[in-house]
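Q: Sharing entry.txt, compact mmCIF, C-alpha atoms:
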# COMPACT_ATOMS: atom_id res chain seq x y z
CA MET A 166 -78.03 36.58 -31.37
CA ARG A 167 -77.25 39.54 -33.60
CA PRO A 168 -73.64 40.03 -34.73
CA VAL A 169 -71.53 42.28 -32.49
CA VAL A 170 -69.76 45.27 -34.02
CA HIS A 171 -67.46 47.60 -32.07
CA ALA A 172 -67.10 51.28 -32.98
CA ILE A 173 -63.86 52.67 -31.57
CA THR A 174 -62.65 56.26 -31.70
CA PRO A 175 -62.05 57.36 -35.32
CA GLY A 176 -58.34 57.13 -36.07
CA ASP A 177 -57.57 54.76 -33.18
CA HIS A 178 -55.56 51.64 -33.98
CA TYR A 179 -56.73 48.05 -33.49
CA SER A 180 -53.15 46.92 -33.29
CA PRO A 181 -50.70 45.44 -30.77
CA ARG A 182 -48.32 48.23 -31.77
CA THR A 183 -50.05 50.54 -29.26
CA GLY A 184 -51.41 50.13 -25.77
CA SER A 185 -54.55 52.23 -26.27
CA ALA A 186 -57.15 51.23 -23.71
CA ILE A 187 -60.31 50.93 -25.82
CA PRO A 188 -58.78 48.72 -28.55
CA THR A 189 -57.26 46.56 -25.80
CA VAL A 190 -60.71 46.12 -24.25
CA VAL A 191 -62.30 45.33 -27.61
CA HIS A 192 -59.58 42.79 -28.40
CA GLY A 193 -60.04 41.16 -25.00
CA ILE A 194 -63.80 40.85 -25.43
CA ALA A 195 -63.63 39.67 -29.05
CA ALA A 196 -60.93 37.07 -28.33
CA ALA A 197 -62.85 35.75 -25.31
CA ALA A 198 -66.01 35.47 -27.42
CA LEU A 199 -64.13 33.40 -30.00
CA ASP A 200 -62.69 31.17 -27.28
CA ALA A 201 -66.24 30.60 -26.03
CA GLY A 202 -67.39 29.51 -29.49
CA ALA A 203 -69.26 32.70 -30.42
CA PRO A 204 -69.09 34.10 -33.97
CA MET A 205 -66.26 36.45 -34.80
CA GLN A 206 -67.04 40.05 -33.92
CA SER A 207 -66.23 43.10 -36.06
CA VAL A 208 -64.62 46.46 -35.45
CA LEU A 209 -65.09 49.67 -37.43
CA LEU A 210 -61.65 50.98 -38.45
CA ASP A 211 -60.24 53.91 -40.37
CA SER A 212 -58.46 52.25 -43.30
CA SER A 213 -55.29 54.26 -42.61
CA THR A 214 -54.73 52.89 -39.10
CA TYR A 215 -51.83 50.68 -38.01
CA ARG A 216 -51.16 47.16 -39.11
CA PRO A 217 -50.74 44.40 -38.07
CA ARG A 218 -54.17 44.29 -36.49
CA TYR A 219 -55.42 42.05 -33.76
CA PRO A 220 -56.80 38.85 -35.33
CA SER A 221 -59.71 38.66 -32.90
CA ALA A 222 -62.19 40.75 -34.94
CA GLU A 223 -62.99 41.41 -38.59
CA ALA A 224 -62.14 44.95 -39.72
CA ILE A 225 -64.93 46.97 -41.33
CA GLU A 226 -62.93 49.71 -43.01
CA TYR A 227 -63.99 53.24 -43.84
CA THR A 228 -62.26 56.42 -44.98
CA GLY A 229 -62.07 58.59 -41.92
CA ALA A 230 -62.78 62.25 -41.36
CA PRO A 231 -60.57 64.30 -39.00
CA PHE A 232 -61.29 63.79 -35.33
CA PRO A 233 -62.39 67.05 -33.67
CA SER A 234 -59.61 69.24 -32.26
CA MET A 235 -59.93 70.63 -28.74
CA PRO A 236 -61.26 74.01 -29.99
CA ALA A 237 -63.79 72.15 -32.16
CA ARG A 238 -64.93 70.14 -29.14
CA VAL A 239 -65.43 73.34 -27.16
CA VAL A 240 -67.62 74.68 -29.99
CA ASP A 241 -69.48 71.37 -30.08
CA ALA A 242 -70.22 71.60 -26.36
CA ALA A 243 -71.65 75.09 -26.83
CA LEU A 244 -73.82 73.86 -29.71
CA GLY A 245 -75.07 71.02 -27.56
CA ARG A 246 -76.12 73.39 -24.79
CA LEU A 247 -78.10 75.35 -27.39
CA GLY A 248 -79.93 72.22 -28.47
CA LEU A 249 -78.04 71.93 -31.76
CA PRO A 250 -76.13 68.92 -33.13
CA ARG A 251 -72.41 68.78 -32.38
CA ARG A 252 -71.14 69.45 -35.91
CA SER A 253 -67.52 68.28 -35.57
CA ALA A 254 -68.44 65.07 -33.75
CA THR A 255 -71.13 64.36 -36.35
CA ARG A 256 -68.58 64.75 -39.17
CA ALA A 257 -66.11 62.47 -37.41
CA PHE A 258 -68.60 59.66 -36.78
CA GLN A 259 -70.65 59.90 -39.98
CA PRO A 260 -68.24 57.57 -41.89
CA LEU A 261 -68.78 54.90 -39.22
CA ALA A 262 -72.55 55.20 -39.55
CA ASP A 263 -72.25 55.01 -43.34
CA ALA A 264 -70.12 51.86 -43.10
CA MET A 265 -72.90 50.14 -41.12
CA ARG A 266 -75.71 51.11 -43.47
CA ASP A 267 -75.92 47.93 -45.58
CA ARG A 268 -74.87 45.42 -42.95
CA GLU A 269 -77.20 42.94 -41.30
CA PRO A 270 -78.89 44.11 -38.09
CA SER A 271 -76.25 44.03 -35.35
CA PHE A 272 -75.46 45.11 -31.86
CA LEU A 273 -73.28 48.18 -32.38
CA LEU A 274 -71.18 49.00 -29.31
CA ALA A 275 -70.31 52.71 -29.49
CA HIS A 276 -67.16 52.96 -27.36
CA ASN A 277 -66.88 56.46 -25.86
CA ALA A 278 -69.03 57.67 -28.77
CA PRO A 279 -72.20 59.45 -27.59
CA ALA A 280 -72.49 61.09 -31.03
CA LEU A 281 -73.02 57.76 -32.80
CA PRO A 282 -76.42 56.56 -31.47
CA ARG A 283 -78.20 59.59 -32.92
CA LEU A 284 -76.63 58.93 -36.34
CA MET A 285 -77.83 55.33 -36.17
CA SER A 286 -81.39 56.03 -35.00
CA ALA A 287 -82.97 55.28 -38.40
CA GLU A 288 -81.06 52.00 -38.84
CA GLN A 289 -82.04 48.47 -37.86
CA HIS A 290 -79.00 48.09 -35.61
CA ARG A 291 -79.26 48.29 -31.83
CA THR A 292 -76.66 50.80 -30.69
CA LEU A 293 -75.37 50.71 -27.12
CA LEU A 294 -73.19 53.41 -25.60
CA TYR A 295 -70.09 51.83 -24.04
CA ALA A 296 -68.51 54.30 -21.61
CA HIS A 297 -64.87 53.92 -20.58
CA ASN A 298 -64.60 57.44 -19.12
CA ASP A 299 -66.78 60.31 -17.96
CA ILE A 300 -67.76 61.10 -21.54
CA LEU A 301 -71.02 62.92 -20.73
CA ARG A 302 -69.51 65.65 -18.55
CA THR A 303 -70.17 68.38 -21.15
CA MET A 304 -73.78 67.27 -21.74
CA GLY A 305 -76.83 68.56 -19.94
CA HIS A 306 -79.82 66.31 -19.33
CA ALA A 307 -81.71 67.65 -22.34
CA GLU A 308 -78.86 66.96 -24.76
CA ALA A 309 -78.24 63.54 -23.23
CA HIS A 310 -81.89 62.68 -23.81
CA ARG A 311 -81.75 63.86 -27.44
CA SER A 312 -78.52 61.97 -28.11
CA LEU A 313 -79.19 58.74 -26.24
CA ALA A 314 -82.95 58.25 -26.24
CA THR A 315 -82.66 55.30 -28.64
CA VAL A 316 -79.96 53.34 -26.79
CA PRO A 317 -81.26 50.24 -25.01
CA ALA A 318 -78.33 50.22 -22.56
CA ILE A 319 -75.41 52.34 -21.41
CA VAL A 320 -72.46 50.14 -20.46
CA CYS A 321 -69.96 51.42 -17.88
CA VAL A 322 -66.66 49.69 -17.09
CA SER A 323 -66.97 50.08 -13.30
CA GLY A 324 -69.46 50.87 -10.60
CA ALA A 325 -67.65 54.13 -9.88
CA LEU A 326 -68.09 55.27 -13.48
CA ALA A 327 -71.71 54.10 -13.47
CA GLU A 328 -72.40 56.34 -10.47
CA ILE A 329 -70.83 59.36 -12.17
CA THR A 330 -72.65 58.63 -15.43
CA ALA A 331 -76.01 58.27 -13.69
CA GLY A 332 -75.62 61.81 -12.40
CA ARG A 333 -75.18 63.07 -15.97
CA LEU A 334 -78.44 61.54 -17.21
CA PRO A 335 -82.17 62.08 -16.81
CA SER A 336 -83.68 59.36 -14.66
CA ALA A 337 -85.29 57.59 -17.63
CA LEU A 338 -81.84 57.00 -19.14
CA ALA A 339 -80.00 56.39 -15.85
CA ASP A 340 -82.11 53.26 -15.45
CA ARG A 341 -80.44 51.84 -18.57
CA ILE A 342 -76.93 51.81 -17.07
CA ARG A 343 -75.24 48.42 -16.77
CA VAL A 344 -71.76 47.59 -15.49
CA VAL A 345 -69.49 45.30 -17.51
CA GLU A 346 -66.12 45.03 -15.78
CA ASN A 347 -62.87 45.30 -17.70
CA GLY A 348 -60.89 42.08 -17.78
CA VAL A 349 -57.31 40.92 -18.10
CA ASP A 350 -55.52 38.42 -20.32
CA THR A 351 -54.32 35.96 -17.69
CA THR A 352 -52.53 33.82 -20.28
CA THR A 353 -50.31 36.60 -21.61
CA PHE A 354 -49.93 38.21 -18.19
CA HIS A 355 -48.73 35.55 -15.77
CA PRO A 356 -46.18 35.31 -12.97
CA ALA A 357 -42.51 34.74 -13.74
CA ALA A 358 -41.39 31.12 -13.87
CA GLU A 359 -38.71 31.79 -11.27
CA PRO A 360 -38.88 34.21 -8.32
CA SER A 361 -36.77 37.35 -8.47
CA THR A 362 -33.22 37.00 -7.14
CA GLY A 363 -32.46 40.72 -7.11
CA THR A 364 -31.20 42.33 -3.93
CA ARG A 365 -33.41 45.38 -4.36
CA LEU A 366 -37.18 45.53 -4.23
CA ARG A 367 -38.46 46.64 -7.64
CA VAL A 368 -41.30 49.16 -7.34
CA MET A 369 -42.87 49.98 -10.71
CA PHE A 370 -45.09 52.67 -12.22
CA LEU A 371 -46.41 52.17 -15.77
CA GLY A 372 -48.56 54.78 -17.47
CA ARG A 373 -48.72 58.07 -19.30
CA MET A 374 -46.47 60.78 -17.95
CA ILE A 375 -49.16 63.31 -17.14
CA PRO A 376 -50.03 64.76 -13.72
CA ASP A 377 -53.36 62.89 -13.54
CA LYS A 378 -51.53 59.55 -13.46
CA GLY A 379 -49.43 60.61 -10.47
CA ALA A 380 -45.90 59.39 -11.20
CA ASP A 381 -44.72 62.43 -9.24
CA VAL A 382 -46.58 61.14 -6.17
CA LEU A 383 -44.51 57.94 -6.30
CA LEU A 384 -41.26 59.87 -6.67
CA LYS A 385 -42.18 62.18 -3.78
CA ALA A 386 -42.87 59.06 -1.71
CA ALA A 387 -39.48 57.66 -2.73
CA GLY A 388 -37.89 60.89 -1.53
CA LEU A 389 -39.41 60.33 1.91
CA LEU A 390 -37.95 56.82 2.20
CA ASP A 391 -34.43 56.79 3.61
CA ARG A 392 -33.44 53.46 2.12
CA ASP A 393 -31.22 52.20 -0.66
CA ASP A 394 -32.73 48.73 -1.04
CA LEU A 395 -35.43 49.91 -3.48
CA GLU A 396 -35.33 50.28 -7.24
CA ILE A 397 -38.04 52.60 -8.57
CA ILE A 398 -38.90 51.89 -12.21
CA VAL A 399 -40.92 54.63 -13.95
CA VAL A 400 -42.21 53.50 -17.35
CA GLY A 401 -44.00 55.63 -19.93
CA SER A 402 -44.01 58.91 -21.78
CA ALA A 403 -46.44 61.74 -22.38
CA GLY A 404 -47.41 60.18 -25.71
CA PHE A 405 -46.48 56.97 -27.47
CA ASP A 406 -43.09 58.16 -28.74
CA ARG A 407 -40.00 57.29 -26.72
CA GLU A 408 -37.90 59.69 -28.84
CA ALA A 409 -40.08 62.76 -28.29
CA PRO A 410 -38.57 65.64 -26.28
CA LEU A 411 -39.34 65.56 -22.56
CA THR A 412 -42.34 67.62 -21.51
CA PRO A 413 -42.01 70.04 -18.58
CA TYR A 414 -43.79 67.48 -16.40
CA GLU A 415 -41.35 64.74 -17.42
CA GLU A 416 -38.44 67.06 -16.66
CA SER A 417 -39.91 67.71 -13.20
CA LEU A 418 -39.96 63.95 -12.57
CA ARG A 419 -36.21 63.76 -13.24
CA ARG A 420 -35.64 66.48 -10.66
CA LEU A 421 -37.73 64.64 -8.08
CA ALA A 422 -35.78 61.46 -8.77
CA SER A 423 -32.55 63.21 -7.84
CA ASP A 424 -33.90 63.71 -4.30
CA ALA A 425 -34.48 59.98 -3.72
CA ARG A 426 -31.90 57.81 -2.01
CA SER A 427 -33.34 54.81 -3.86
CA GLU A 428 -32.21 54.17 -7.43
CA VAL A 429 -34.73 55.54 -9.96
CA VAL A 430 -34.76 54.22 -13.53
CA PHE A 431 -36.80 55.89 -16.29
CA GLU A 432 -37.96 53.77 -19.22
CA ARG A 433 -39.84 55.70 -21.86
CA PHE A 434 -42.65 54.18 -23.94
CA VAL A 435 -42.59 50.36 -24.09
CA ASP A 436 -44.29 48.57 -26.98
CA ARG A 437 -47.39 46.64 -25.96
CA SER A 438 -45.67 43.32 -26.69
CA GLY A 439 -42.99 44.12 -24.12
CA VAL A 440 -45.35 44.97 -21.25
CA PRO A 441 -45.95 41.42 -19.89
CA ASP A 442 -42.23 40.66 -19.47
CA LEU A 443 -41.70 44.09 -17.95
CA LEU A 444 -44.48 43.66 -15.36
CA ARG A 445 -43.11 40.24 -14.42
CA THR A 446 -39.98 41.96 -13.09
CA ALA A 447 -41.98 44.08 -10.60
CA ASP A 448 -42.24 43.11 -6.95
CA VAL A 449 -44.62 45.99 -6.20
CA PHE A 450 -46.79 47.85 -8.72
CA VAL A 451 -48.02 51.32 -7.85
CA ILE A 452 -50.88 53.23 -9.49
CA PRO A 453 -50.89 56.60 -7.70
CA SER A 454 -53.59 58.29 -9.80
CA ARG A 455 -54.97 61.59 -8.54
CA TRP A 456 -57.99 61.50 -10.88
CA PRO A 457 -60.90 59.02 -10.72
CA ASP A 458 -59.55 56.50 -13.22
CA PRO A 459 -62.63 54.37 -14.02
CA SER A 460 -60.94 50.99 -14.53
CA PRO A 461 -57.22 51.08 -15.42
CA LEU A 462 -56.12 48.01 -17.36
CA THR A 463 -52.56 48.07 -16.04
CA VAL A 464 -53.79 47.29 -12.51
CA GLY A 465 -55.34 43.98 -13.59
CA GLU A 466 -52.33 43.16 -15.75
CA ALA A 467 -49.89 43.76 -12.89
CA MET A 468 -52.08 41.68 -10.57
CA ALA A 469 -52.09 38.85 -13.11
CA THR A 470 -48.27 38.74 -12.99
CA GLY A 471 -48.39 38.31 -9.22
CA ALA A 472 -47.12 41.74 -8.18
CA ALA A 473 -48.29 43.23 -4.90
CA VAL A 474 -50.35 46.28 -5.87
CA ILE A 475 -50.76 49.67 -4.21
CA GLY A 476 -53.40 51.96 -5.71
CA SER A 477 -55.14 55.23 -5.03
CA ARG A 478 -58.50 55.14 -3.27
CA ILE A 479 -60.25 56.91 -6.12
CA GLY A 480 -62.45 56.10 -9.12
CA GLY A 481 -62.66 52.42 -10.05
CA ILE A 482 -59.17 51.52 -8.80
CA PRO A 483 -60.38 50.03 -5.48
CA GLU A 484 -62.94 47.93 -7.42
CA VAL A 485 -60.19 46.35 -9.50
CA ILE A 486 -57.90 45.72 -6.53
CA GLY A 487 -60.59 44.48 -4.15
CA ASP A 488 -59.02 42.94 -1.03
CA ALA A 489 -56.01 41.71 -3.01
CA GLY A 490 -53.87 44.83 -2.60
CA VAL A 491 -53.36 48.06 -0.69
CA VAL A 492 -55.29 51.28 -1.30
CA VAL A 493 -54.09 54.69 -0.13
CA ALA A 494 -55.42 58.22 -0.34
CA PRO A 495 -54.73 59.94 -3.68
CA ASP A 496 -52.02 62.60 -3.79
CA ALA A 497 -50.65 61.50 -0.40
CA PRO A 498 -46.91 60.74 -0.75
CA ALA A 499 -46.43 60.04 2.96
CA GLU A 500 -49.21 57.42 3.01
CA LEU A 501 -47.83 55.84 -0.16
CA ALA A 502 -44.31 55.79 1.32
CA ALA A 503 -45.62 53.99 4.41
CA ALA A 504 -47.34 51.35 2.24
CA ILE A 505 -44.17 50.76 0.20
CA GLU A 506 -42.08 50.52 3.38
CA HIS A 507 -44.46 47.94 4.85
CA LEU A 508 -44.21 45.73 1.76
CA ALA A 509 -40.44 46.16 1.65
CA ASP A 510 -40.11 45.08 5.29
CA ASP A 511 -42.65 42.26 5.24
CA PRO A 512 -41.90 39.76 2.42
CA THR A 513 -44.50 37.34 3.79
CA ASP A 514 -47.33 39.85 3.41
CA ARG A 515 -45.95 40.90 0.04
CA ALA A 516 -46.09 37.29 -1.16
CA ARG A 517 -49.59 36.88 0.25
CA LEU A 518 -50.84 39.92 -1.64
CA GLY A 519 -49.11 38.81 -4.84
CA ALA A 520 -50.84 35.42 -4.70
CA ALA A 521 -54.18 37.07 -3.91
CA ALA A 522 -53.68 39.46 -6.81
CA ARG A 523 -53.20 36.59 -9.25
CA ARG A 524 -56.35 34.83 -7.98
CA ARG A 525 -58.38 38.02 -8.34
CA ALA A 526 -57.07 38.55 -11.87
CA GLU A 527 -58.17 35.05 -12.81
CA GLU A 528 -61.66 35.87 -11.53
CA ARG A 529 -61.68 39.02 -13.69
CA SER A 530 -60.43 37.54 -16.96
CA TRP A 531 -61.76 38.66 -20.34
CA ALA A 532 -63.90 35.50 -20.31
CA ASN A 533 -65.72 36.99 -17.33
CA THR A 534 -66.15 40.29 -19.20
CA TRP A 535 -67.61 38.52 -22.22
CA THR A 536 -69.97 36.52 -19.98
CA GLN A 537 -71.29 39.77 -18.48
CA LEU A 538 -71.65 41.46 -21.88
CA GLN A 539 -73.20 38.39 -23.53
CA SER A 540 -75.77 38.19 -20.75
CA LEU A 541 -76.73 41.84 -21.33
CA LEU A 542 -77.00 41.38 -25.09
CA ALA A 543 -79.14 38.28 -24.65
CA GLU A 544 -81.43 40.27 -22.35
CA LEU A 545 -81.73 43.03 -24.96
CA ALA A 546 -82.36 40.56 -27.75
Could you take the file, read its structure, and then write that structure out as structure tokens?
A:
Amino acid sequence: MRPVVHAITPGDHYSPRTGSAIPTVVHGIAAAALDAGAPMQSVLLDSSTYRPRYPSAEAIEYTGAPFPSMPARVVDAALGRLGLPRRSATRAFQPLADAMRDREPSFLLAHNAPALPRLMSAEQHRTLLYAHNDILRTMGHAEAHRSLATVPAIVCVSGALAEITAGRLPSALADRIRVVENGVDTTTFHPAAEPSTGTRLRVMFLGRMIPDKGADVLLKAAGLLDRDDLEIIVVGSAGFDREAPLTPYEESLRRLASDARSEVVFERFVDRSGVPDLLRTADVFVIPSRWPDPSPLTVGEAMATGAAVIGSRIGGIPEVIGDAGVVVAPDAPAELAAAIEHLADDPTDRARLGAAARRRAEERSWANTWTQLQSLLAELA
């Protein structure tokens, strides 16, 4: 089979120093491939990005161009609607295309990079679009056809995202969509050796502090619960800097916390290496997203540690949870409060769900992800 090369967002870091989703996925796939005896994969990286790097893939370095700003992306979208190339995206991804020019024919996985296949169309590589989000929302069918006509497959990380993506594409391209599920590192993320002896039930949120992720929904739910036997742990920041000033949204979360009878503890950004031990302290993990998160990695990681999981019934979250957790309506604090209260009052059901969560995580390991991707690549070869 051809070598596998991953193209991640220009300027992103292939390093355990951050918890960025796409590099985490690439590391999981590349490490699983090595464990299965496959050749080492490669990842295209701006030479200025963080070290140390994950050892799972060889770095193909390039000198990066600036990633498009929001105004530049707006201009790009307008150019695309006019049938013209997206200039800023082309500049950002051209160094990646140049870095591949003299390499042996490979499978190039363009992660969230619809601009890259067109730049690679004259090369001998087979470029697949690997979608982690709704990345085609600013494209019409005509531009999608121009940009993606050469891709043999469009990989989506969940069935929910595949359905959204299919609606963005002309039928000839929609037929190329394949689902490759995100996985979880069940060796790094595992249950605690000893059960918790705390007197309070620890209910945890871990994610970016932005409205889409819904930490406020959890705190509103906590405010509806008249009980002092809960400890609500809210982990994360708006960015990746625990010393940055609080945003207005983060300040609003502190005000909501003051209305809760339960104890609320805020922990700003936690380094990736500290996440497994942190999740092992959770009795219940809550992902109260109000946007259609395609396949959040933290859900699988929390499940792998044996936490009982409550998630929003939106996007790919129910696909990850399956029947091994509780799903509630998004942006519904009262429904979330009822689910938390049930798990607080029924330790037997909580333990059942925690054990089921661990089993489901084992079924959805990165080895399973690599098996799915390898099968697709073999089909394309």
Q: Select from range 437-470 of chain A every residue with an atom at most 8 Å from any atom of range 326-347 of chain A, then for each give the shortest pair of atoms and their distance in Å to one decimal, using only C-alpha atoms, rows by chain and rising number, as CSV.
A:
residue,atom,partner,partner_atom,distance
A:Pro459,CA,A:Leu326,CA,5.6
A:Ser460,CA,A:Asn347,CA,6.8
A:Leu462,CA,A:Asn347,CA,7.3
Q: Counting all atoms listed in the file, figure out which residue out of A:Ala296, A:Arg252, A:Ala257, A:Ser221 gets nearest to Ile187 in chain A.
A: A:Ala296
Q: Show me, as CSV, the residues of range 220-262 of chain A having an atom within 10 Å of range 188-200 of chain A, each with the closest atom pair and its distance in Å, using all atoms listed in the file.
A:
residue,atom,partner,partner_atom,distance
A:Pro220,CA,A:Ala196,CA,8.3
A:Ser221,CA,A:Ala196,CA,5.0
A:Ala222,CA,A:Ala195,CA,6.2
A:Glu223,CA,A:Ala195,CA,9.7
Q: When you draw a straight line from CA of His306 in chain A to CA of Gly245 in chain A, how long is it in Å?
A: 10.6 Å
Q: Restricting the calculation to all atoms listed in the file: of A:Asp511, A:Glu432, A:Glu466, A:Asp350, which residue gets closest to Glu408 in chain A?
A: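 Residue with the minimum atom-to-atom distance to Glu408 in chain A: A:Glu432.
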Q: Using all atoms listed in the file, determine which residues lie at most 8 Å from Gly481 in chain A, disregarding the query and same-chain residues fewer than 3 positions distant; provide the list as a list in words.
A: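 Within the cut-off, the hits are Ser323, Gly324, Ala325, Leu326, Pro457, Asp458, Pro459, Ser460, Pro461, Glu484 and Val485 of chain A.
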Q: Using Å and a single decimal, report how far CA of Ser180 in chain A sits from CA of Tyr219 in chain A.
A: 5.4 Å
Q: Between A:Ala387, A:Leu421, A:Ala467, A:Val349, which is the closest to Leu501 in chain A once you count only C-alpha atoms?
A: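 Checking each of A:Ala387, A:Leu421, A:Ala467, A:Val349 against Leu501 in chain A, counting only C-alpha atoms, the winner is A:Ala387.
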Q: Could you work out how far CA of Leu273 in chain A lies from CA of Ser286 in chain A, giving the answer in Å with one decimal?
A: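 About the pair CA of Ser286 in chain A and CA of Leu273 in chain A: they are 11.6 Å apart.
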Q: Please identify all polymer residues within 8 Å of range 512-520 of chain A, counting only C-alpha atoms, omitting same-chain residues fewer than 2 positions from it, and present them as an NGL selection string.
A: :A and (468 or 471-474 or 489-490 or 508-510 or 522-524)
Q: I'd like to know which of A:Ala504, A:Met235, A:Ala203, A:Leu383 is closest to Ser427 in chain A, using only C-alpha atoms.
A: A:Leu383
Q: Set the distance at 12 Å and use all atoms listed in the file: which residues neighbour Pro413 in chain A once local chain neighbours fewer than 2 positions away are removed? I'd like the list as a list in words.
A: Met374, Ile375, Pro376, Ser402, Ala403, Pro410, Leu411, Glu415, Glu416, Ser417, Leu418, Arg419 and Arg420 of chain A
Q: Of the candidates A:Ile505, A:Val464, A:Val440, A:Met285, which one gets nearest to Leu384 in chain A if we count only C-alpha atoms?
A: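 That would be A:Ile505, the residue with the smallest distance to Leu384 in chain A.
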Q: Give me the residues within 12 Å of Ala237 in chain A as a list in words, counting only C-alpha atoms and dropping any in the same chain fewer than 2 places off.
A: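 So, after excluding close chain neighbours, the residues are Pro231, Phe232, Pro233, Ser234, Met235, Val239, Val240, Asp241, Ala242, Ala243, Leu244, Arg251, Arg252, Ser253, Ala254, Thr255, Arg256 and Ala257 of chain A.
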Q: Could you check which of A:Arg266, A:Arg283, A:Arg246, A:His290 is closest to Ala307 in chain A, using all atoms listed in the file?
A: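 Going through A:Arg266, A:Arg283, A:Arg246, A:His290 one by one, the smallest distance to Ala307 in chain A is for A:Arg246.
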Q: Pick out the residues sitting within 8 Å of Asn277 in chain A, and hand them over as an MDAnalysis selection string; count all atoms listed in the file, and ignore anything fewer than 2 positions along from it in its own chain.
A: chainID A and resid 173:174 275 279 294:298 300
Q: Keeping C-alpha atoms for every residue in the selection just given, could you write it to a file as a compact mmCIF listing (two decimals), in the coordinates of the input?
A:
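Result file is out_33.txt:
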# COMPACT_ATOMS: atom_id res chain seq x y z
CA ILE A 173 -63.86 52.67 -31.57
CA THR A 174 -62.65 56.26 -31.70
CA ALA A 275 -70.31 52.71 -29.49
CA PRO A 279 -72.20 59.45 -27.59
CA LEU A 294 -73.19 53.41 -25.60
CA TYR A 295 -70.09 51.83 -24.04
CA ALA A 296 -68.51 54.30 -21.61
CA HIS A 297 -64.87 53.92 -20.58
CA ASN A 298 -64.60 57.44 -19.12
CA ILE A 300 -67.76 61.10 -21.54
Q: Taking (-54.8, 36.6, -20.8) in the file's coordinates, which residues come within 9 Å, counting all atoms listed in the file, written as an MDAnalysis selection string?
A: chainID A and resid 193 348:355 466 469 527 530:531
